[in-house]
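The file data.pdb comes next; it holds PDB, C-alpha atoms.
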```
ATOM      1  CA  MET A 712      -5.827  -3.136  19.511
ATOM      2  CA  SER A 713      -7.557  -6.164  17.998
ATOM      3  CA  LYS A 714      -6.642  -9.672  19.038
ATOM      4  CA  THR A 715      -3.691 -11.070  17.089
ATOM      5  CA  ILE A 716      -4.542 -13.429  14.230
ATOM      6  CA  GLU A 717      -2.314 -16.467  14.713
ATOM      7  CA  SER A 718      -2.988 -18.092  11.351
ATOM      8  CA  LEU A 719      -4.865 -17.338   8.144
ATOM      9  CA  ALA A 720      -6.273 -20.879   8.031
ATOM     10  CA  GLY A 721      -9.878 -20.626   6.885
ATOM     11  CA  SER A 722      -9.484 -16.977   5.855
ATOM     12  CA  THR A 723      -9.954 -15.279   2.497
ATOM     13  CA  ILE A 724      -7.449 -12.594   1.504
ATOM     14  CA  LEU A 725      -7.509 -10.126  -1.380
ATOM     15  CA  ILE A 726      -4.329  -8.441  -2.623
ATOM     16  CA  THR A 727      -4.229  -5.677  -5.225
ATOM     17  CA  GLY A 728      -1.225  -5.195  -7.476
ATOM     18  CA  ALA A 729      -0.609  -8.896  -6.901
ATOM     19  CA  ALA A 730       1.047  -9.937 -10.157
ATOM     20  CA  MET A 731       4.555  -8.810  -9.305
ATOM     21  CA  GLY A 732       6.803  -7.167  -6.717
ATOM     22  CA  MET A 733       5.573  -6.887  -3.166
ATOM     23  CA  GLY A 734       2.017  -7.823  -4.092
ATOM     24  CA  LYS A 735       3.290 -11.185  -5.272
ATOM     25  CA  MET A 736       5.304 -11.530  -2.064
ATOM     26  CA  TYR A 737       2.178 -10.923   0.025
ATOM     27  CA  ALA A 738       0.428 -13.623  -1.992
ATOM     28  CA  ARG A 739       3.225 -16.074  -1.232
ATOM     29  CA  LEU A 740       2.941 -15.250   2.467
ATOM     30  CA  ALA A 741      -0.816 -15.835   2.332
ATOM     31  CA  VAL A 742      -0.296 -19.308   0.888
ATOM     32  CA  GLU A 743       2.508 -19.984   3.366
ATOM     33  CA  ASP A 744       0.145 -18.946   6.175
ATOM     34  CA  ARG A 745      -2.493 -21.431   4.951
ATOM     35  CA  ALA A 746      -5.120 -18.975   3.742
ATOM     36  CA  SER A 747      -8.157 -20.790   2.412
ATOM     37  CA  SER A 748      -8.589 -18.509  -0.604
ATOM     38  CA  VAL A 749      -6.144 -15.993  -2.086
ATOM     39  CA  ILE A 750      -7.663 -13.453  -4.474
ATOM     40  CA  LEU A 751      -5.241 -11.683  -6.799
ATOM     41  CA  TRP A 752      -6.158  -8.417  -8.530
ATOM     42  CA  ASP A 753      -3.909  -6.814 -11.122
ATOM     43  CA  VAL A 754      -4.143  -4.995 -14.432
ATOM     44  CA  ASN A 755      -1.482  -7.201 -16.063
ATOM     45  CA  ALA A 756      -3.257 -10.387 -17.192
ATOM     46  CA  GLU A 757      -0.125 -12.221 -18.314
ATOM     47  CA  LEU A 758       1.855 -11.696 -15.105
ATOM     48  CA  LEU A 759      -1.243 -12.393 -13.046
ATOM     49  CA  GLU A 760      -1.614 -15.835 -14.586
ATOM     50  CA  GLU A 761       2.092 -16.550 -14.087
ATOM     51  CA  THR A 762       1.773 -15.705 -10.398
ATOM     52  CA  ALA A 763      -1.356 -17.842 -10.078
ATOM     53  CA  ARG A 764       0.409 -20.840 -11.646
ATOM     54  CA  GLU A 765       3.303 -20.422  -9.218
ATOM     55  CA  LEU A 766       0.983 -20.431  -6.214
ATOM     56  CA  GLU A 767      -1.459 -23.161  -7.231
ATOM     57  CA  GLY A 768      -1.193 -26.608  -5.654
ATOM     58  CA  ARG A 769       0.148 -25.343  -2.334
ATOM     59  CA  GLY A 770      -3.048 -25.652  -0.317
ATOM     60  CA  SER A 771      -4.787 -22.341  -0.978
ATOM     61  CA  LYS A 772      -7.415 -21.789  -3.644
ATOM     62  CA  ILE A 773      -6.167 -19.083  -6.020
ATOM     63  CA  HIS A 774      -8.549 -16.668  -7.738
ATOM     64  CA  THR A 775      -7.463 -14.062 -10.280
ATOM     65  CA  HIS A 776      -9.219 -10.985 -11.622
ATOM     66  CA  VAL A 777      -7.835  -8.576 -14.203
ATOM     67  CA  VAL A 778      -8.758  -5.174 -12.781
ATOM     68  CA  ASP A 779      -7.853  -1.603 -13.654
ATOM     69  CA  VAL A 780      -8.230  -0.100 -10.191
ATOM     70  CA  SER A 781      -8.101   3.418 -11.621
ATOM     71  CA  ARG A 782     -11.672   2.810 -12.850
ATOM     72  CA  LEU A 783     -14.530   2.551 -10.349
ATOM     73  CA  GLU A 784     -16.538   0.531 -12.870
ATOM     74  CA  ASP A 785     -13.767  -2.087 -13.007
ATOM     75  CA  ILE A 786     -13.600  -2.221  -9.210
ATOM     76  CA  GLU A 787     -17.363  -2.697  -8.913
ATOM     77  CA  ARG A 788     -17.356  -5.443 -11.545
ATOM     78  CA  ALA A 789     -14.415  -7.290  -9.997
ATOM     79  CA  ALA A 790     -15.817  -6.952  -6.480
ATOM     80  CA  GLU A 791     -19.100  -8.520  -7.527
ATOM     81  CA  ALA A 792     -17.282 -11.348  -9.315
ATOM     82  CA  THR A 793     -15.055 -11.870  -6.277
ATOM     83  CA  ARG A 794     -18.030 -12.133  -3.913
ATOM     84  CA  GLU A 795     -19.738 -14.662  -6.184
ATOM     85  CA  GLU A 796     -16.603 -16.746  -6.671
ATOM     86  CA  ALA A 797     -14.852 -16.677  -3.290
ATOM     87  CA  GLY A 798     -16.960 -14.570  -0.941
ATOM     88  CA  SER A 799     -15.907 -11.298   0.634
ATOM     89  CA  PRO A 800     -12.334 -11.196   1.937
ATOM     90  CA  ASP A 801     -11.490 -11.271   5.639
ATOM     91  CA  ILE A 802      -8.214  -9.534   4.848
ATOM     92  CA  LEU A 803      -7.648  -6.805   2.270
ATOM     93  CA  ILE A 804      -4.194  -5.571   1.289
ATOM     94  CA  ASN A 805      -4.462  -2.381  -0.759
ATOM     95  CA  ASN A 806      -1.026  -2.652  -2.330
ATOM     96  CA  ALA A 807      -1.433  -1.412  -5.934
ATOM     97  CA  GLY A 808       0.258   1.890  -6.682
ATOM     98  CA  ILE A 809       2.218   3.942  -9.198
ATOM     99  CA  VAL A 810       4.787   6.726  -8.913
ATOM    100  CA  ARG A 811       5.526   9.730 -11.085
ATOM    101  CA  GLY A 812       8.694  11.618 -10.135
ATOM    102  CA  LYS A 813       8.927  15.062 -11.728
ATOM    103  CA  TYR A 814       8.172  18.690 -11.022
ATOM    104  CA  PHE A 815       4.458  19.427 -10.686
ATOM    105  CA  TRP A 816       4.224  21.487 -13.870
ATOM    106  CA  GLU A 817       5.772  18.669 -15.899
ATOM    107  CA  HIS A 818       2.954  16.225 -15.081
ATOM    108  CA  ASP A 819       0.407  15.277 -17.699
ATOM    109  CA  GLN A 820      -3.120  15.949 -16.447
ATOM    110  CA  ARG A 821      -4.460  12.472 -17.242
ATOM    111  CA  SER A 822      -1.606   9.958 -17.355
ATOM    112  CA  ASP A 823       0.170  11.444 -14.334
ATOM    113  CA  ILE A 824      -2.134  13.490 -12.079
ATOM    114  CA  ALA A 825      -5.465  11.711 -12.566
ATOM    115  CA  ALA A 826      -3.882   8.254 -12.795
ATOM    116  CA  THR A 827      -1.825   8.707  -9.625
ATOM    117  CA  MET A 828      -4.745  10.007  -7.560
ATOM    118  CA  ASN A 829      -7.110   7.336  -8.907
ATOM    119  CA  ILE A 830      -4.783   4.392  -8.324
ATOM    120  CA  ASN A 831      -2.940   5.486  -5.181
ATOM    121  CA  ALA A 832      -5.803   7.094  -3.255
ATOM    122  CA  LEU A 833      -9.314   6.679  -4.635
ATOM    123  CA  ALA A 834      -8.925   2.997  -5.506
ATOM    124  CA  LEU A 835      -8.130   2.107  -1.893
ATOM    125  CA  MET A 836     -11.278   3.891  -0.736
ATOM    126  CA  HIS A 837     -13.504   2.352  -3.401
ATOM    127  CA  ILE A 838     -12.195  -1.189  -2.863
ATOM    128  CA  THR A 839     -12.488  -0.945   0.904
ATOM    129  CA  ARG A 840     -16.006   0.465   0.590
ATOM    130  CA  GLU A 841     -16.964  -2.586  -1.468
ATOM    131  CA  PHE A 842     -15.914  -5.115   1.159
ATOM    132  CA  LEU A 843     -15.938  -3.356   4.541
ATOM    133  CA  PRO A 844     -19.693  -3.729   5.186
ATOM    134  CA  ASP A 845     -19.333  -7.521   4.910
ATOM    135  CA  MET A 846     -16.325  -7.450   7.253
ATOM    136  CA  ILE A 847     -18.350  -5.499   9.793
ATOM    137  CA  GLU A 848     -21.413  -7.717   9.445
ATOM    138  CA  GLY A 849     -19.440 -10.968   9.521
ATOM    139  CA  GLY A 850     -17.965 -10.404  12.970
ATOM    140  CA  ARG A 851     -14.814 -12.381  12.135
ATOM    141  CA  PRO A 852     -11.326 -11.004  12.880
ATOM    142  CA  SER A 853     -10.651  -8.894   9.774
ATOM    143  CA  ARG A 854      -7.807  -6.731   8.552
ATOM    144  CA  ILE A 855      -7.254  -3.883   6.091
ATOM    145  CA  VAL A 856      -3.708  -2.885   5.143
ATOM    146  CA  ASN A 857      -3.375   0.397   3.287
ATOM    147  CA  VAL A 858       0.011   0.993   1.671
ATOM    148  CA  ALA A 859       0.831   4.684   2.065
ATOM    149  CA  SER A 860       4.370   6.091   2.158
ATOM    150  CA  ALA A 861       6.775   8.233   4.116
ATOM    151  CA  ALA A 862       6.002  10.670   1.299
ATOM    152  CA  GLY A 863       2.533  10.913   2.813
ATOM    153  CA  LEU A 864       4.066  12.386   5.954
ATOM    154  CA  LEU A 865       6.762  14.686   4.552
ATOM    155  CA  ALA A 866       6.875  16.935   1.489
ATOM    156  CA  ASN A 867       9.597  16.293  -1.074
ATOM    157  CA  PRO A 868      10.545  17.920  -4.410
ATOM    158  CA  ARG A 869       9.634  15.940  -7.544
ATOM    159  CA  MET A 870       6.983  14.041  -5.577
ATOM    160  CA  SER A 871       4.146  16.572  -5.373
ATOM    161  CA  ILE A 872       1.489  14.353  -6.974
ATOM    162  CA  TYR A 873       2.730  11.098  -5.443
ATOM    163  CA  SER A 874       2.954  12.739  -2.016
ATOM    164  CA  SER A 875      -0.541  14.159  -2.413
ATOM    165  CA  SER A 876      -1.967  10.712  -3.109
ATOM    166  CA  LYS A 877      -0.204   9.210  -0.111
ATOM    167  CA  TRP A 878      -1.152  12.080   2.224
ATOM    168  CA  ALA A 879      -4.742  11.308   1.253
ATOM    169  CA  VAL A 880      -4.244   7.639   2.132
ATOM    170  CA  VAL A 881      -2.726   8.422   5.543
ATOM    171  CA  GLY A 882      -5.556  10.758   6.499
ATOM    172  CA  TRP A 883      -8.313   8.481   5.240
ATOM    173  CA  SER A 884      -6.829   5.235   6.527
ATOM    174  CA  ASP A 885      -6.170   6.391  10.073
ATOM    175  CA  SER A 886      -9.554   8.120  10.226
ATOM    176  CA  LEU A 887     -11.159   4.840   9.132
ATOM    177  CA  ARG A 888      -9.336   3.069  11.957
ATOM    178  CA  LEU A 889     -10.788   5.517  14.470
ATOM    179  CA  GLU A 890     -14.281   5.263  12.989
ATOM    180  CA  LEU A 891     -14.292   1.486  13.354
ATOM    181  CA  VAL A 892     -13.199   1.734  16.989
ATOM    182  CA  GLN A 893     -15.752   4.460  17.748
ATOM    183  CA  ALA A 894     -18.562   2.461  16.136
ATOM    184  CA  GLY A 895     -17.627  -0.651  18.130
ATOM    185  CA  HIS A 896     -16.352  -2.735  15.205
ATOM    186  CA  LYS A 897     -13.079  -3.641  16.878
ATOM    187  CA  HIS A 898     -12.822  -6.965  15.067
ATOM    188  CA  VAL A 899     -11.818  -5.001  11.946
ATOM    189  CA  ALA A 900      -8.330  -3.516  12.320
ATOM    190  CA  VAL A 901      -6.691  -1.074   9.926
ATOM    191  CA  THR A 902      -2.942  -0.823   9.408
ATOM    192  CA  THR A 903      -1.488   2.195   7.597
ATOM    193  CA  PHE A 904       1.947   1.396   6.183
ATOM    194  CA  CYS A 905       4.399   4.278   5.614
ATOM    195  CA  PRO A 906       7.745   3.102   4.213
ATOM    196  CA  SER A 907      10.659   5.000   2.760
ATOM    197  CA  TYR A 908      12.111   3.835  -0.576
ATOM    198  CA  ILE A 909      11.973   0.083  -1.238
ATOM    199  CA  LYS A 910      14.130  -1.855  -3.719
ATOM    200  CA  THR A 911      11.353  -2.957  -6.046
ATOM    201  CA  GLY A 912      12.289  -1.057  -9.211
ATOM    202  CA  MET A 913       9.345   1.274  -8.708
ATOM    203  CA  PHE A 914      11.736   3.875  -7.294
ATOM    204  CA  GLU A 915      14.714   3.047  -9.496
ATOM    205  CA  GLY A 916      17.276   5.830  -9.321
ATOM    206  CA  ALA A 917      16.015   7.280  -6.037
ATOM    207  CA  ARG A 918      18.628   7.648  -3.303
ATOM    208  CA  GLY A 919      17.911   6.959   0.335
ATOM    209  CA  PRO A 920      18.382   9.943   2.679
ATOM    210  CA  LEU A 921      21.017   9.892   5.449
ATOM    211  CA  LEU A 922      20.660   6.806   7.690
ATOM    212  CA  THR A 923      17.823   5.586   5.455
ATOM    213  CA  PRO A 924      19.032   2.836   3.108
ATOM    214  CA  LEU A 925      16.679   1.437   0.494
ATOM    215  CA  LEU A 926      14.573  -1.266   2.126
ATOM    216  CA  GLU A 927      14.690  -4.926   1.120
ATOM    217  CA  PRO A 928      11.227  -5.968  -0.134
ATOM    218  CA  GLU A 929      11.256  -9.474   1.373
ATOM    219  CA  ALA A 930      12.017  -8.133   4.843
ATOM    220  CA  VAL A 931       9.436  -5.384   4.424
ATOM    221  CA  THR A 932       6.601  -7.691   3.402
ATOM    222  CA  ARG A 933       7.245 -10.002   6.350
ATOM    223  CA  ARG A 934       7.232  -7.043   8.740
ATOM    224  CA  VAL A 935       3.968  -5.765   7.244
ATOM    225  CA  TRP A 936       2.513  -9.263   7.497
ATOM    226  CA  ARG A 937       3.272  -9.388  11.212
ATOM    227  CA  ALA A 938       1.818  -5.912  11.716
ATOM    228  CA  MET A 939      -1.327  -6.941   9.830
ATOM    229  CA  LYS A 940      -1.888  -9.998  12.003
ATOM    230  CA  GLU A 941      -1.253  -8.003  15.169
ATOM    231  CA  GLY A 942      -3.571  -5.200  14.053
ATOM    232  CA  THR A 943      -0.839  -2.562  14.374
ATOM    233  CA  PRO A 944      -2.446   0.844  13.649
ATOM    234  CA  MET A 945       0.525   2.411  11.846
ATOM    235  CA  LEU A 946       3.824   1.000  10.659
ATOM    236  CA  MET A 947       6.678   3.304   9.618
ATOM    237  CA  MET A 948       9.889   1.933   8.123
ATOM    238  CA  PRO A 949      12.723   2.459   8.803
ATOM    239  CA  TRP A 950      13.048   4.180  12.187
ATOM    240  CA  THR A 951      14.246   7.397  10.537
ATOM    241  CA  VAL A 952      10.733   7.996   9.183
ATOM    242  CA  LYS A 953       9.497   8.444  12.755
ATOM    243  CA  LEU A 954      12.476  10.651  13.545
ATOM    244  CA  SER A 955      11.845  12.833  10.509
ATOM    245  CA  THR A 956       8.157  13.303  11.264
ATOM    246  CA  ALA A 957       8.999  14.225  14.855
ATOM    247  CA  LEU A 958      11.598  16.782  13.768
ATOM    248  CA  ARG A 959       9.247  18.218  11.158
ATOM    249  CA  GLY A 960       6.666  18.695  13.893
ATOM    250  CA  VAL A 961       8.871  20.617  16.315
ATOM    251  CA  LEU A 962      11.288  22.577  14.132
ATOM    252  CA  PRO A 963      10.436  25.890  12.453
ATOM    253  CA  LEU A 964       9.882  25.349   8.746
ATOM    254  CA  ALA A 965      13.102  27.087   7.702
ATOM    255  CA  ALA A 966      15.103  24.971  10.142
ATOM    256  CA  TRP A 967      13.430  21.784   8.982
ATOM    257  CA  ASP A 968      14.100  22.632   5.332
ATOM    258  CA  MET A 969      17.780  23.007   6.163
ATOM    259  CA  VAL A 970      17.913  19.728   8.095
ATOM    260  CA  ALA A 971      15.938  17.800   5.455
ATOM    261  CA  GLY A 972      17.729  19.366   2.508
ATOM    262  CA  ARG A 973      21.320  19.755   3.663
ATOM    263  CA  VAL A 974      21.748  17.232   6.475
ATOM    264  CA  PHE A 975      19.531  14.269   5.595
ATOM    265  CA  GLY A 976      19.435  14.864   1.837
ATOM    266  CA  VAL A 977      15.690  14.197   1.642
ATOM    267  CA  TYR A 978      15.083  16.996  -0.838
ATOM    268  CA  LYS A 979      17.660  15.569  -3.265
ATOM    269  CA  SER A 980      16.578  11.939  -3.033
ATOM    270  CA  MET A 981      14.549  12.022  -6.294
ATOM    271  CA  GLU A 982      17.046  13.933  -8.439
ATOM    272  CA  HIS A 983      18.181  10.795 -10.293
ATOM    273  CA  PHE A 984      14.846   8.955 -10.266
ATOM    274  CA  THR A 985      14.055   6.957 -13.395
ATOM    275  CA  GLY A 986      11.385   4.535 -12.178
ATOM    276  CA  ARG A 987      10.667   1.056 -13.409
ATOM    277  CA  LYS A 988      11.649   0.569 -17.034
TER     278      LYS A 988
END
```
Once you've parsed the file, please lay out its structure as structure tokens.
Amino acid sequence: MSKTIESLAGSTILITGAAMGMGKMYARLAVEDRASSVILWDVNAELLEETARELEGRGSKIHTHVVDVSRLEDIERAAEATREEAGSPDILINNAGIVRGKYFWEHDQRSDIAATMNINALALMHITREFLPDMIEGGRPSRIVNVASAAGLLANPRMSIYSSSKWAVVGWSDSLRLELVQAGHKHVAVTTFCPSYIKTGMFEGARGPLLTPLLEPEAVTRRVWRAMKEGTPMLMMPWTVKLSTALRGVLPLAAWDMVAGRVFGVYKSMEHFTGRK
């Protein structure tokens, strides 16, 4: 494991999906932790500027870029502008994401399937690919946080596309961690974050399975922040996510389906999902 980063003083951090919700909370933590520069990417220009105004004058230099991370061309343009304006980030938090909760055959090919895979999976890879070479070359303690999901570890009805995007993130992110270690770039640590449902509005209407209450976003972001600084390889929240993955690994599929569906209620957790209005 990489050496713990005690403070972000002198560091540059980039956060995607930074205009609202947990992205905005990460930005507040960056300023609180005395980051030199905080770079905010989001597709919503109005909310992005509101967040920037809230954070300005607190010691960190705030940079904003309106970016549609579903488009590689937008990512490339914003990455180049970011490097020219603030330099490459030492810390990257790939936070932006969307959710579509419906049966697979009800998804629209473009607005649901393509958008979810582009934003939730491919964007993280493209953004990291833009900045990782500089992290490696720079030799400074660097961090990459990839927001996945418990849905990337366990299948669930009405989450086929969302789960697919997050399964991709888990596999890519943890493989990237191993590649960096194998290649000797231990100053760059990757944290894969796999939470259950969080009270952000994104999963409005979803019900937490047995022993798995909806997580409080403020507590979650602070826990992720600590894991990022410590270079924790994988963070699962709450503890029942680890329990579920362990049971799924040892039980026969029919037995697991019964436990997940009838005992824990996992398979019914999205029945009343509405999402953010």
Gly916 of chain A environment, 8 Å, all atoms listed in the file, sequence neighbours closer than 3 positions dropped, as a PyMOL selection string:
chain A and resi 981+983-986
Selected residues, C-alpha atoms, written as a PDB file, in the frame of the given file, please.
```
ATOM      1  CA  MET A 981      14.549  12.022  -6.294  1.00  0.00           C
ATOM      2  CA  HIS A 983      18.181  10.795 -10.293  1.00  0.00           C
ATOM      3  CA  PHE A 984      14.846   8.955 -10.266  1.00  0.00           C
ATOM      4  CA  THR A 985      14.055   6.957 -13.395  1.00  0.00           C
ATOM      5  CA  GLY A 986      11.385   4.535 -12.178  1.00  0.00           C
TER       6      GLY A 986
END
```
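For the structure shown here, the set of residues caught by the PyMOL selection byres ((chain A and resi 735-738) around 9) is Ile724, Leu725, Ile726, Gly728, Ala729, Ala730, Met731, Gly732, Met733, Gly734, Arg739, Leu740, Ala741, Val742, Glu743, Val749, Ile750, Leu751, Thr762, Leu766, Ile804, Pro928, Glu929, Thr932, Arg933 and Trp936 of chain A.
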Taking 3 positions as the minimum chain separation for residues in the same chain, which residues sit within 10 Å of Ala917 of chain A when counting only C-alpha atoms? Answer as a PyMOL selection string.
chain A and resi 812+908-910+912-914+920+925+979-986
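Among the candidates A:Ala965, A:Met948, A:Ala756, A:Val880, the one nearest to Val858 of chain A when counting only C-alpha atoms is A:Val880.
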Excluding Phe842 of chain A and its own-chain neighbours fewer than 2 positions away, which residues fall within 8 Å of it when counting all atoms listed in the file? Please give them as an mmCIF file with C-alpha atoms, keeping the file's coordinate frame.
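Now in part-v4.cif:
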```
data_model
loop_
_atom_site.group_PDB
_atom_site.id
_atom_site.type_symbol
_atom_site.label_atom_id
_atom_site.label_comp_id
_atom_site.auth_asym_id
_atom_site.auth_seq_id
_atom_site.Cartn_x
_atom_site.Cartn_y
_atom_site.Cartn_z
ATOM 1 C CA ALA A 790 -15.817 -6.952 -6.480
ATOM 2 C CA SER A 799 -15.907 -11.298 0.634
ATOM 3 C CA PRO A 800 -12.334 -11.196 1.937
ATOM 4 C CA ILE A 838 -12.195 -1.189 -2.863
ATOM 5 C CA THR A 839 -12.488 -0.945 0.904
ATOM 6 C CA ARG A 840 -16.006 0.465 0.590
ATOM 7 C CA PRO A 844 -19.693 -3.729 5.186
ATOM 8 C CA ASP A 845 -19.333 -7.521 4.910
ATOM 9 C CA MET A 846 -16.325 -7.450 7.253
#
```
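With distances taken over all atoms listed in the file, A:Val977 is the one residue among A:Leu891, A:Val977, A:Val952, A:Leu864 lying closest to Arg918 of chain A.
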Given the file above and the PyMOL selection byres ((chain A and resi 719) around 6), which residues are selected, and can you give them as a ChimeraX atom specification?
/A:718,720,722,744-746
Residues returned when the PyMOL selection byres ((chain A and resi 860) around 7) runs on this file, as a ChimeraX atom specification
/A:858-859,861-863,877,904-907
All residues 12 Å or closer to Leu835 of chain A, all atoms listed in the file, same chain fewer than 2 positions away omitted, as a PyMOL selection string
chain A and resi 726-728+780-783+786+803-808+827-833+837-843+855-859+876-877+879-881+883-884+887+903
